[in-house]
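Asks: Sharing work-v3.tsv here; it has TSV, C-alpha atoms.
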chain	number	residue	atom	x	y	z
G	1	MET	CA	-28.55	-49.19	8.04
G	2	ASN	CA	-29.74	-46.17	6.01
G	3	SER	CA	-27.70	-43.02	5.27
G	4	LYS	CA	-29.55	-40.94	7.88
G	5	THR	CA	-28.77	-43.50	10.59
G	6	ASN	CA	-25.14	-43.60	9.44
G	7	SER	CA	-24.88	-39.79	9.58
G	8	ASN	CA	-26.44	-39.67	13.03
G	9	SER	CA	-24.15	-42.41	14.34
G	10	ASP	CA	-21.06	-40.83	12.75
G	11	LEU	CA	-21.79	-37.39	14.20
G	12	GLN	CA	-22.43	-38.81	17.66
G	13	GLY	CA	-19.12	-40.66	17.50
G	14	ILE	CA	-17.26	-37.58	16.27
G	15	VAL	CA	-18.75	-35.38	19.00
G	16	GLN	CA	-17.59	-37.86	21.63
G	17	ILE	CA	-14.07	-37.93	20.17
G	18	ILE	CA	-13.86	-34.12	20.01
G	19	LYS	CA	-15.12	-33.84	23.57
G	20	ASP	CA	-12.65	-36.36	24.96
G	21	SER	CA	-9.79	-34.97	22.85
G	22	THR	CA	-10.40	-31.41	24.05
G	23	ILE	CA	-10.37	-32.55	27.67
G	24	GLY	CA	-7.24	-34.63	27.07
G	25	ILE	CA	-5.37	-31.77	25.38
G	26	THR	CA	-6.41	-29.41	28.19
G	27	GLN	CA	-4.90	-31.81	30.71
G	28	ILE	CA	-1.65	-31.95	28.71
G	29	VAL	CA	-1.45	-28.14	28.53
G	30	GLN	CA	-2.16	-27.93	32.27
G	31	ALA	CA	0.63	-30.40	33.00
G	32	MET	CA	3.08	-28.45	30.80
G	33	HIS	CA	2.04	-25.20	32.48
G	34	HIS	CA	2.75	-26.74	35.88
G	35	THR	CA	6.17	-27.98	34.74
G	36	ILE	CA	7.13	-24.54	33.41
G	37	VAL	CA	5.88	-22.61	36.45
G	38	HIS	CA	7.36	-25.15	38.88
G	39	PRO	CA	10.74	-26.18	37.39
G	40	PRO	CA	11.85	-29.67	38.43
G	41	THR	CA	14.19	-29.85	41.48
G	42	LEU	CA	13.47	-26.20	42.45
G	43	PRO	CA	11.23	-25.12	45.38
G	44	SER	CA	7.99	-23.26	44.55
G	45	THR	CA	7.25	-19.76	45.84
G	46	PRO	CA	3.83	-18.54	47.08
G	47	ILE	CA	3.40	-16.51	43.88
G	48	GLN	CA	4.04	-19.61	41.74
G	49	ASN	CA	1.48	-21.56	43.73
G	50	LEU	CA	-1.06	-18.76	43.36
G	51	VAL	CA	-0.56	-18.65	39.58
G	52	THR	CA	-1.00	-22.43	39.37
G	53	ASN	CA	-4.18	-22.39	41.46
G	54	ILE	CA	-5.76	-19.63	39.36
G	55	ALA	CA	-4.80	-21.42	36.14
G	56	GLY	CA	-6.21	-24.66	37.57
G	57	ILE	CA	-9.62	-23.07	37.93
G	58	ALA	CA	-9.50	-22.00	34.26
G	59	TYR	CA	-8.53	-25.48	33.09
G	60	LYS	CA	-11.33	-27.08	35.13
G	61	ASN	CA	-13.81	-24.62	33.61
G	62	ILE	CA	-12.67	-25.60	30.11
G	63	GLN	CA	-13.20	-29.28	30.91
G	64	TRP	CA	-16.60	-28.65	32.52
G	65	THR	CA	-17.75	-26.51	29.56
G	66	THR	CA	-16.52	-29.10	27.04
G	67	ASN	CA	-18.54	-31.82	28.78
G	68	LEU	CA	-21.62	-29.59	28.90
G	69	ILE	CA	-21.43	-28.62	25.22
G	70	GLY	CA	-20.67	-32.18	24.15
G	71	ASN	CA	-23.61	-33.62	26.05
G	72	GLY	CA	-25.86	-30.92	24.64
G	73	LEU	CA	-24.77	-31.71	21.08
G	74	ASP	CA	-25.58	-35.40	21.60
G	75	LYS	CA	-29.17	-34.46	22.38
G	76	THR	CA	-29.60	-32.10	19.42
G	77	LEU	CA	-28.04	-34.29	16.73
G	78	GLU	CA	-31.41	-35.64	15.60
G	79	TYR	CA	-32.29	-32.10	14.48
G	80	ILE	CA	-28.90	-31.42	12.89
G	81	VAL	CA	-28.50	-34.63	10.86
G	82	PRO	CA	-31.15	-33.81	8.21
G	83	LEU	CA	-29.18	-30.67	7.32
G	84	PHE	CA	-26.24	-32.80	6.15
G	85	GLY	CA	-26.23	-34.59	2.83
G	86	GLU	CA	-24.19	-37.62	1.90
G	87	THR	CA	-20.74	-36.05	2.23
G	88	LYS	CA	-18.84	-39.26	1.56
G	89	THR	CA	-19.36	-42.31	-0.60
G	90	TYR	CA	-19.83	-45.61	1.20
G	91	ASP	CA	-16.28	-46.77	0.42
G	92	GLU	CA	-14.75	-43.46	1.56
G	93	ARG	CA	-16.73	-43.53	4.80
G	94	GLU	CA	-15.67	-47.12	5.47
G	95	ALA	CA	-12.02	-46.28	4.81
G	96	LEU	CA	-12.06	-43.28	7.18
G	97	ILE	CA	-13.75	-45.26	9.95
G	98	SER	CA	-11.28	-48.12	9.48
G	99	VAL	CA	-8.31	-45.77	9.91
G	100	LEU	CA	-9.92	-44.24	12.99
G	101	ASN	CA	-10.44	-47.71	14.46
G	102	GLY	CA	-6.85	-48.66	13.70
G	103	VAL	CA	-5.52	-45.64	15.58
G	104	VAL	CA	-7.94	-45.42	18.54
G	105	GLY	CA	-10.20	-48.45	18.15
G	106	ASP	CA	-9.71	-49.62	21.74
G	107	TYR	CA	-10.80	-46.20	23.01
G	108	LEU	CA	-13.86	-46.27	20.73
G	109	GLU	CA	-14.88	-49.69	22.03
G	110	GLU	CA	-14.28	-48.85	25.70
G	111	ASN	CA	-16.46	-45.76	25.39
G	112	ASP	CA	-19.23	-47.46	23.37
G	113	ASN	CA	-18.57	-45.01	20.56
G	114	PRO	CA	-20.86	-45.78	17.58
G	115	LEU	CA	-17.86	-45.48	15.26
G	116	ALA	CA	-16.30	-48.63	16.79
G	117	ILE	CA	-16.32	-51.46	14.23
G	118	LYS	CA	-17.98	-54.72	15.29
G	119	MET	CA	-16.28	-57.88	14.04
G	120	GLN	CA	-18.34	-59.66	11.41
G	121	PHE	CA	-18.09	-61.69	8.24
G	122	ARG	CA	-19.12	-59.72	5.17
G	123	TYR	CA	-19.57	-60.08	1.44
G	124	GLN	CA	-19.42	-57.07	-0.89
G	125	GLY	CA	-19.42	-54.81	2.14
G	126	LYS	CA	-22.63	-56.26	3.59
G	127	PRO	CA	-22.87	-58.29	6.82
G	128	LEU	CA	-23.17	-62.06	6.50
G	129	GLU	CA	-25.71	-63.30	9.02
G	130	LEU	CA	-24.60	-66.61	10.50
G	131	ALA	CA	-27.74	-68.56	9.66
G	132	ARG	CA	-28.06	-71.28	7.00
G	133	GLU	CA	-30.75	-69.57	4.94
G	134	SER	CA	-29.07	-66.18	5.10
G	135	ILE	CA	-25.69	-67.59	4.02
G	136	ALA	CA	-27.30	-69.37	1.07
G	137	GLN	CA	-29.12	-66.20	0.01
G	138	THR	CA	-26.22	-63.78	0.48
G	139	LEU	CA	-23.42	-65.66	-1.27
G	140	PRO	CA	-23.81	-65.93	-5.08
G	141	THR	CA	-21.90	-69.22	-5.28
G	142	LEU	CA	-21.78	-71.66	-2.42
G	143	ASN	CA	-19.72	-74.79	-1.89
G	144	GLY	CA	-17.78	-76.48	0.88
G	145	LYS	CA	-14.45	-74.78	0.06
G	146	ILE	CA	-14.34	-71.60	2.16
G	147	LEU	CA	-11.83	-68.87	1.29
G	148	LEU	CA	-11.56	-66.34	4.12
G	149	MET	CA	-9.91	-62.96	3.48
G	150	ILE	CA	-8.61	-61.03	6.53
G	151	HIS	CA	-7.45	-57.42	6.12
G	152	GLY	CA	-4.67	-55.58	7.92
G	153	SER	CA	-4.41	-52.70	10.37
G	154	SER	CA	-6.53	-49.58	9.70
G	155	MET	CA	-8.16	-51.25	6.71
G	156	ASN	CA	-11.43	-53.04	5.90
G	157	ASP	CA	-12.79	-55.88	3.79
G	158	ILE	CA	-13.72	-53.61	0.86
G	159	GLN	CA	-10.08	-52.64	0.37
G	160	TRP	CA	-9.15	-56.11	-0.83
G	161	THR	CA	-10.20	-54.65	-4.18
G	162	SER	CA	-7.18	-52.62	-5.26
G	163	LYS	CA	-6.41	-51.24	-8.71
G	164	GLY	CA	-9.32	-53.19	-10.14
G	165	HIS	CA	-8.12	-56.53	-8.74
G	166	ASN	CA	-9.28	-58.64	-5.79
G	167	HIS	CA	-7.27	-61.74	-4.82
G	168	GLY	CA	-10.30	-63.30	-3.13
G	169	GLU	CA	-12.82	-62.85	-5.93
G	170	THR	CA	-10.34	-64.00	-8.59
G	171	LEU	CA	-9.27	-67.08	-6.61
G	172	ALA	CA	-12.90	-67.99	-5.91
G	173	ARG	CA	-13.61	-67.85	-9.63
G	174	ASP	CA	-10.45	-69.63	-10.80
G	175	LEU	CA	-10.37	-72.35	-8.12
G	176	ASP	CA	-14.08	-72.80	-7.38
G	177	LYS	CA	-14.11	-71.54	-3.80
G	178	THR	CA	-16.64	-69.53	-1.79
G	179	VAL	CA	-15.08	-66.28	-0.64
G	180	VAL	CA	-16.00	-64.58	2.64
G	181	TYR	CA	-14.42	-61.44	4.13
G	182	LEU	CA	-13.73	-60.51	7.75
G	183	ASN	CA	-14.15	-56.92	8.94
G	184	TYR	CA	-12.83	-56.03	12.40
G	185	ASN	CA	-11.65	-53.23	14.69
G	186	SER	CA	-7.87	-53.34	14.26
G	187	GLY	CA	-7.31	-51.04	17.26
G	188	ARG	CA	-8.23	-53.78	19.74
G	189	HIS	CA	-5.61	-56.16	21.09
G	190	ILE	CA	-4.71	-58.76	18.47
G	191	SER	CA	-5.42	-61.57	20.94
G	192	THR	CA	-8.87	-60.09	21.66
G	193	ASN	CA	-9.66	-60.12	17.95
G	194	GLY	CA	-8.16	-63.60	17.66
G	195	GLN	CA	-10.44	-64.99	20.35
G	196	GLU	CA	-13.53	-63.43	18.80
G	197	LEU	CA	-12.58	-64.70	15.34
G	198	ASN	CA	-12.16	-68.17	16.83
G	199	GLU	CA	-15.77	-68.09	18.05
G	200	LEU	CA	-17.08	-66.59	14.80
G	201	LEU	CA	-15.38	-69.26	12.69
G	202	GLU	CA	-16.95	-71.98	14.81
G	203	ASN	CA	-20.38	-70.43	14.25
G	204	LEU	CA	-19.67	-70.11	10.53
G	205	ILE	CA	-18.86	-73.81	10.28
G	206	LEU	CA	-21.94	-74.83	12.25
G	207	ASN	CA	-24.21	-72.68	10.08
G	208	TRP	CA	-22.63	-73.23	6.65
G	209	SER	CA	-25.38	-74.21	4.22
G	210	VAL	CA	-23.51	-77.17	2.71
G	211	PRO	CA	-21.01	-79.64	4.21
G	212	VAL	CA	-17.66	-77.90	4.81
G	213	GLU	CA	-14.71	-79.47	2.99
G	214	GLU	CA	-11.88	-77.08	3.71
G	215	ILE	CA	-10.92	-73.59	4.88
G	216	THR	CA	-8.22	-71.45	3.29
G	217	ILE	CA	-7.20	-68.10	4.76
G	218	ILE	CA	-5.42	-65.25	3.00
G	219	ALA	CA	-4.34	-62.60	5.48
G	220	HIS	CA	-2.71	-59.22	4.90
G	221	SER	CA	-0.41	-57.60	7.47
G	222	MET	CA	-1.98	-57.61	10.98
G	223	GLY	CA	-4.61	-60.00	9.64
G	224	GLY	CA	-1.99	-62.75	9.71
G	225	LEU	CA	-1.38	-62.21	13.42
G	226	VAL	CA	-5.13	-62.28	14.10
G	227	THR	CA	-5.28	-65.56	12.15
G	228	ARG	CA	-2.50	-67.17	14.16
G	229	SER	CA	-4.12	-65.96	17.39
G	230	ALA	CA	-7.50	-67.39	16.37
G	231	PHE	CA	-5.94	-70.78	15.59
G	232	TYR	CA	-4.07	-70.79	18.91
G	233	TYR	CA	-7.30	-70.25	20.85
G	234	GLY	CA	-9.21	-72.60	18.56
G	235	GLN	CA	-6.85	-75.45	19.35
G	236	LYS	CA	-6.80	-74.54	23.03
G	237	HIS	CA	-10.58	-74.79	23.23
G	238	LEU	CA	-10.89	-77.76	20.83
G	239	LYS	CA	-12.91	-75.91	18.18
G	240	SER	CA	-13.92	-77.96	15.17
G	241	TRP	CA	-13.11	-75.29	12.56
G	242	THR	CA	-9.36	-75.82	13.10
G	243	LYS	CA	-9.69	-79.32	11.63
G	244	TYR	CA	-10.87	-77.86	8.32
G	245	LEU	CA	-8.08	-75.28	7.98
G	246	GLN	CA	-5.74	-76.48	5.25
G	247	LYS	CA	-3.77	-73.46	4.05
G	248	ILE	CA	-2.84	-69.94	5.19
G	249	VAL	CA	-1.15	-67.35	2.98
G	250	PHE	CA	0.44	-64.46	4.89
G	251	LEU	CA	0.97	-61.23	2.94
G	252	GLY	CA	3.41	-58.84	4.62
G	253	THR	CA	2.53	-60.06	8.12
G	254	PRO	CA	4.84	-58.65	10.85
G	255	HIS	CA	5.32	-62.00	12.59
G	256	HIS	CA	8.10	-60.52	14.71
G	257	GLY	CA	6.81	-56.97	14.81
G	258	ALA	CA	7.14	-53.73	12.85
G	259	HIS	CA	10.13	-51.41	13.22
G	260	LEU	CA	7.97	-48.26	12.99
G	261	GLU	CA	6.13	-49.13	16.21
G	262	ARG	CA	9.40	-49.94	17.96
G	263	ALA	CA	10.79	-46.55	16.88
G	264	GLY	CA	7.60	-44.89	18.15
G	265	ASN	CA	8.04	-46.59	21.51
G	266	TYR	CA	11.63	-45.29	21.81
G	267	PHE	CA	10.47	-41.75	20.98
G	268	HIS	CA	7.67	-41.95	23.56
G	269	THR	CA	10.16	-43.09	26.21
G	270	ILE	CA	12.53	-40.20	25.46
G	271	LEU	CA	9.68	-37.69	25.84
G	272	HIS	CA	8.67	-39.30	29.14
G	273	TYR	CA	12.11	-38.91	30.76
G	274	ILE	CA	12.74	-35.28	29.77
G	275	PRO	CA	10.97	-33.12	32.41
G	276	TYR	CA	9.77	-30.40	30.04
G	277	THR	CA	8.46	-32.83	27.42
G	278	LYS	CA	6.99	-35.38	29.84
G	279	PRO	CA	3.41	-34.03	29.40
G	280	LEU	CA	3.76	-34.56	25.64
G	281	ALA	CA	4.46	-38.25	26.28
G	282	ARG	CA	0.72	-38.55	26.87
G	283	LEU	CA	0.24	-37.97	23.15
G	284	GLY	CA	2.17	-41.17	22.50
G	285	LYS	CA	-0.43	-43.04	24.52
G	286	ILE	CA	-3.03	-42.27	21.88
G	287	ARG	CA	-1.74	-45.32	20.00
G	288	SER	CA	-4.23	-48.16	20.15
G	289	ALA	CA	-3.65	-51.55	21.73
G	290	GLY	CA	-3.57	-53.04	18.23
G	291	VAL	CA	-0.76	-50.70	17.20
G	292	THR	CA	1.38	-51.40	20.27
G	293	ASP	CA	0.86	-55.14	19.74
G	294	LEU	CA	2.65	-54.67	16.42
G	295	ARG	CA	5.88	-53.72	18.24
G	296	TYR	CA	6.89	-57.37	18.52
G	297	GLY	CA	3.89	-59.23	17.10
G	298	ASN	CA	1.83	-60.09	20.20
G	299	ILE	CA	-0.86	-62.70	19.52
G	300	VAL	CA	-1.85	-64.09	22.95
G	301	ASP	CA	-3.13	-62.39	26.11
G	302	GLU	CA	-0.03	-63.31	28.10
G	303	ASP	CA	2.05	-61.09	25.79
G	304	TRP	CA	0.45	-57.94	27.18
G	305	LEU	CA	-1.52	-58.74	30.35
G	306	GLU	CA	-0.04	-57.28	33.54
G	307	ASN	CA	2.31	-55.13	31.44
G	308	ASP	CA	2.38	-51.42	30.70
G	309	ARG	CA	2.16	-51.57	26.91
G	310	PHE	CA	3.91	-48.19	26.59
G	311	HIS	CA	6.87	-49.18	28.77
G	312	LEU	CA	10.14	-49.73	26.93
G	313	LYS	CA	11.06	-53.39	27.24
G	314	LYS	CA	12.50	-56.24	25.25
G	315	ASP	CA	10.51	-58.82	23.33
G	316	GLN	CA	8.84	-60.99	25.97
G	317	ARG	CA	6.33	-62.81	23.80
G	318	GLN	CA	5.22	-66.36	24.37
G	319	HIS	CA	6.47	-68.30	21.35
G	320	VAL	CA	3.59	-69.63	19.27
G	321	PRO	CA	4.66	-71.80	16.31
G	322	LEU	CA	2.85	-71.91	13.00
G	323	PRO	CA	-0.33	-74.01	13.04
G	324	PRO	CA	0.62	-77.70	12.84
G	325	ASN	CA	-0.80	-79.77	9.99
G	326	VAL	CA	-1.58	-76.58	8.04
G	327	GLU	CA	0.36	-75.53	4.95
G	328	CYS	CA	1.61	-72.00	5.69
G	329	TYR	CA	2.96	-69.65	3.04
G	330	SER	CA	4.47	-66.19	3.33
G	331	ILE	CA	5.04	-63.38	0.85
G	332	ALA	CA	7.19	-60.38	1.73
G	333	ALA	CA	7.52	-57.17	-0.26
G	334	ASN	CA	10.66	-55.06	-0.59
G	335	TYR	CA	10.34	-51.58	-2.06
G	336	ARG	CA	13.97	-51.69	-3.21
G	337	SER	CA	15.27	-53.57	-6.23
G	338	GLU	CA	17.12	-56.85	-5.81
G	339	THR	CA	20.40	-55.06	-6.56
G	340	GLU	CA	19.80	-52.28	-4.01
G	341	THR	CA	18.81	-54.78	-1.32
G	342	ALA	CA	22.40	-55.96	-0.88
G	343	ARG	CA	23.31	-52.43	0.23
G	344	GLY	CA	20.38	-51.48	2.44
G	345	TRP	CA	17.48	-52.31	4.71
G	346	MET	CA	14.95	-54.78	3.36
G	347	ASP	CA	11.35	-53.72	3.97
G	348	ASP	CA	8.09	-52.67	2.32
G	349	TYR	CA	8.04	-49.31	4.18
G	350	LEU	CA	6.09	-50.84	7.09
G	351	VAL	CA	7.32	-54.42	7.63
G	352	ASP	CA	10.84	-55.71	7.15
G	353	VAL	CA	11.36	-58.81	5.04
G	354	LYS	CA	12.73	-61.02	7.82
G	355	SER	CA	9.72	-60.31	10.04
G	356	ALA	CA	7.34	-61.06	7.15
G	357	LEU	CA	9.11	-64.37	6.54
G	358	GLY	CA	9.02	-65.29	10.23
G	359	GLN	CA	12.82	-65.26	10.53
G	360	HIS	CA	14.36	-64.43	13.92
G	361	THR	CA	17.92	-64.17	15.20
G	362	ASN	CA	16.87	-66.44	18.07
G	363	PRO	CA	16.33	-69.92	16.56
G	364	GLU	CA	13.74	-70.69	19.24
G	365	LYS	CA	11.51	-67.89	17.92
G	366	ASP	CA	11.99	-68.60	14.21
G	367	LEU	CA	8.73	-69.73	12.59
G	368	ASN	CA	10.56	-72.02	10.17
G	369	PHE	CA	8.50	-71.54	7.03
G	370	LYS	CA	9.47	-74.06	4.37
G	371	SER	CA	11.76	-72.29	1.87
G	372	GLU	CA	9.52	-73.31	-1.03
G	373	ASN	CA	6.58	-71.70	0.80
G	374	THR	CA	8.09	-68.21	0.89
G	375	SER	CA	8.64	-65.55	-1.72
G	376	VAL	CA	9.98	-61.97	-1.83
G	377	PHE	CA	8.74	-59.47	-4.39
G	378	PHE	CA	11.11	-56.58	-5.07
G	379	ASN	CA	10.06	-53.09	-6.15
G	380	ASN	CA	6.82	-53.54	-4.22
G	381	ASN	CA	5.48	-51.84	-1.11
G	382	HIS	CA	3.17	-53.08	1.65
G	383	PHE	CA	-0.01	-52.33	-0.29
G	384	ASP	CA	1.21	-53.64	-3.64
G	385	LEU	CA	0.76	-57.06	-2.03
G	386	LEU	CA	-2.97	-56.58	-2.64
G	387	SER	CA	-2.83	-55.76	-6.34
G	388	ASN	CA	0.31	-57.08	-8.06
G	389	PRO	CA	-0.75	-59.67	-10.70
G	390	LYS	CA	2.52	-61.58	-10.22
G	391	ILE	CA	1.75	-61.97	-6.52
G	392	TYR	CA	-1.68	-63.34	-7.43
G	393	VAL	CA	-0.04	-65.90	-9.72
G	394	GLN	CA	2.19	-67.05	-6.85
G	395	ILE	CA	-0.77	-67.37	-4.46
G	396	LYS	CA	-2.74	-69.32	-7.04
G	397	GLU	CA	0.15	-71.76	-7.59
G	398	TRP	CA	0.25	-72.46	-3.87
G	399	MET	CA	-3.55	-72.85	-3.70
G	400	VAL	CA	-3.80	-75.52	-6.41
Can I see the file as structure tokens?

Replies:
Amino acid sequence: MNSKTNSNSDLQGIVQIIKDSTIGITQIVQAMHHTIVHPPTLPSTPIQNLVTNIAGIAYKNIQWTTNLIGNGLDKTLEYIVPLFGETKTYDEREALISVLNGVVGDYLEENDNPLAIKMQFRYQGKPLELARESIAQTLPTLNGKILLMIHGSSMNDIQWTSKGHNHGETLARDLDKTVVYLNYNSGRHISTNGQELNELLENLILNWSVPVEEITIIAHSMGGLVTRSAFYYGQKHLKSWTKYLQKIVFLGTPHHGAHLERAGNYFHTILHYIPYTKPLARLGKIRSAGVTDLRYGNIVDEDWLENDRFHLKKDQRQHVPLPPNVECYSIAANYRSETETARGWMDDYLVDVKSALGQHTNPEKDLNFKSENTSVFFNNNHFDLLSNPKIYVQIKEWMV
């Protein structure tokens, strides 16, 4: 895809977002206006009703005009695009789109927005076509030992390179493996991504250019949940790729959820039940399906189907154990020092240590990682997991 096509696609996607956002904000303002003019529990007077009706006409006009302008911009973009140069480097553009997908990726997909990321295997930021000849031509070194790298929420495959280091490239070189990267829309439900990854992995195995010997997966953050989901559906549907999976390394994966999303859910609920802030509760519903899945770590459809994902409720997940007959390892980061940890909360700013290690107060939900297969790195945050040389050494020891 050339830069002009990228610019055209990006602008179309942005116009659609602005159009929908303007309409959405107008609806929120209209709802707040109604709440103020018509106080809860009090009867409305004819004057109040007249004011509301007049204001309603204005709000409808704003929505109608927004749609008209937005649709007109879509048609004139082909003339506007040439006026724009390359405003962002490739990596910057990819990073921005990845964040956008993490926050509202489900909305982008539902509305066929061109900014929605399509799941695919990639190498050096370029798509890997699942055909034998293409795989052989795209990958510089090829053998039967596949190392799959799966990024976390609001990120992309390029961001495995951090501070001049890339776990995947270095492991491939040191341990003679062929590294492949997954890029996906992290705003979709985790189980939706898991099911698609399951199918993609099966196609990868069937089209690999040499006999497959093994698969190793290194997954950061949400990527670990997508991995577990893919294996669950792979076993359920008797996919052959699951037989080749030997090891999984989880880096800061919120196996039992992330406290920030749980706090966000409480805040959204409070807004909803206060009459004058209830319209603002709609803003909380901007959060993508992928984000709300992080509340408790949902990885199968049954965890969210037939449920209002914004409703405040306890953890009702179906327990899914770690993949059997697969060596599973987990690394957690703690931004505090080992001394400070005894006096405070243990987390990496985004995921608490116990969640990353699969530990749960309910023994039936504990993932039971082997103690020798877990490690905690102090004075590190969630993203240091991608670049700390000591963490790489630990991963390499487990991989040998």

Asks: Between G:Asp293, G:Trp241, G:Lys390, G:Trp208, which has the minimum distance to Gln137 in chain G (counting all atoms listed in the file)?

Replies: G:Trp208

Asks: So the first atom is CA of Gln359 in chain G and the second is CA of Asn388 in chain G; what is the distance between them in Å, to one decimal place?

Replies: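 Between CA of Gln359 in chain G and CA of Asn388 in chain G the gap is 23.9 Å.
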
Asks: Figure out the distance between CA of Asp315 in chain G and CA of Gly152 in chain G, please, to one decimal in Å.

Replies: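 Spanning CA of Gly152 in chain G to CA of Asp315 in chain G is a straight-line distance of 21.9 Å.
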
Asks: Between G:Gly168, G:Gly194, G:Gly187, G:Pro140, which residue has the minimum interatomic distance to Leu100 in chain G, considering all atoms listed in the file?

Replies: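 Of G:Gly168, G:Gly194, G:Gly187, G:Pro140, the one nearest Leu100 in chain G is G:Gly187, counting all atoms listed in the file.
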
Asks: For the atom pair CA of Lys126 in chain G and CA of Tyr329 in chain G, what is the interatomic distance in Å to one decimal place?

Replies: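 Result for CA of Lys126 in chain G versus CA of Tyr329 in chain G: 28.9 Å, one decimal.
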
Asks: Which residue gives the smallest distance to Glu213 in chain G among G:Asn379, G:Thr339, G:Asn307, G:Gln246, with all atoms listed in the file counted?

Replies: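 That would be G:Gln246, the residue with the smallest distance to Glu213 in chain G.
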
Asks: When you count all atoms listed in the file, which of these residues is closest to Lys314 in chain G: G:Phe121, G:Thr178, G:Arg295, G:Tyr244?

Replies: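 Selected residue with least distance to Lys314 in chain G: G:Arg295.
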
Asks: Between G:Asp157, G:Glu110, G:Glu397, G:Glu169, single out the one closest to Leu139 in chain G, counting all atoms listed in the file.

Replies: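 For Leu139 in chain G, the nearest of the given residues is G:Glu169.
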
Asks: Near Ala258 in chain G, within 7 Å and counting all atoms listed in the file, which residues show up once chain neighbours fewer than 6 positions away are dropped, as number ranges by chain?

Replies: G: 294-296, 350-351

Asks: Using only C-alpha atoms, can you tell me which of G:Glu202, G:Asp112, G:Asp174, G:Glu92 comes closest to Tyr392 in chain G?

Replies: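 Closest to Tyr392 in chain G of all the choices is G:Asp174.
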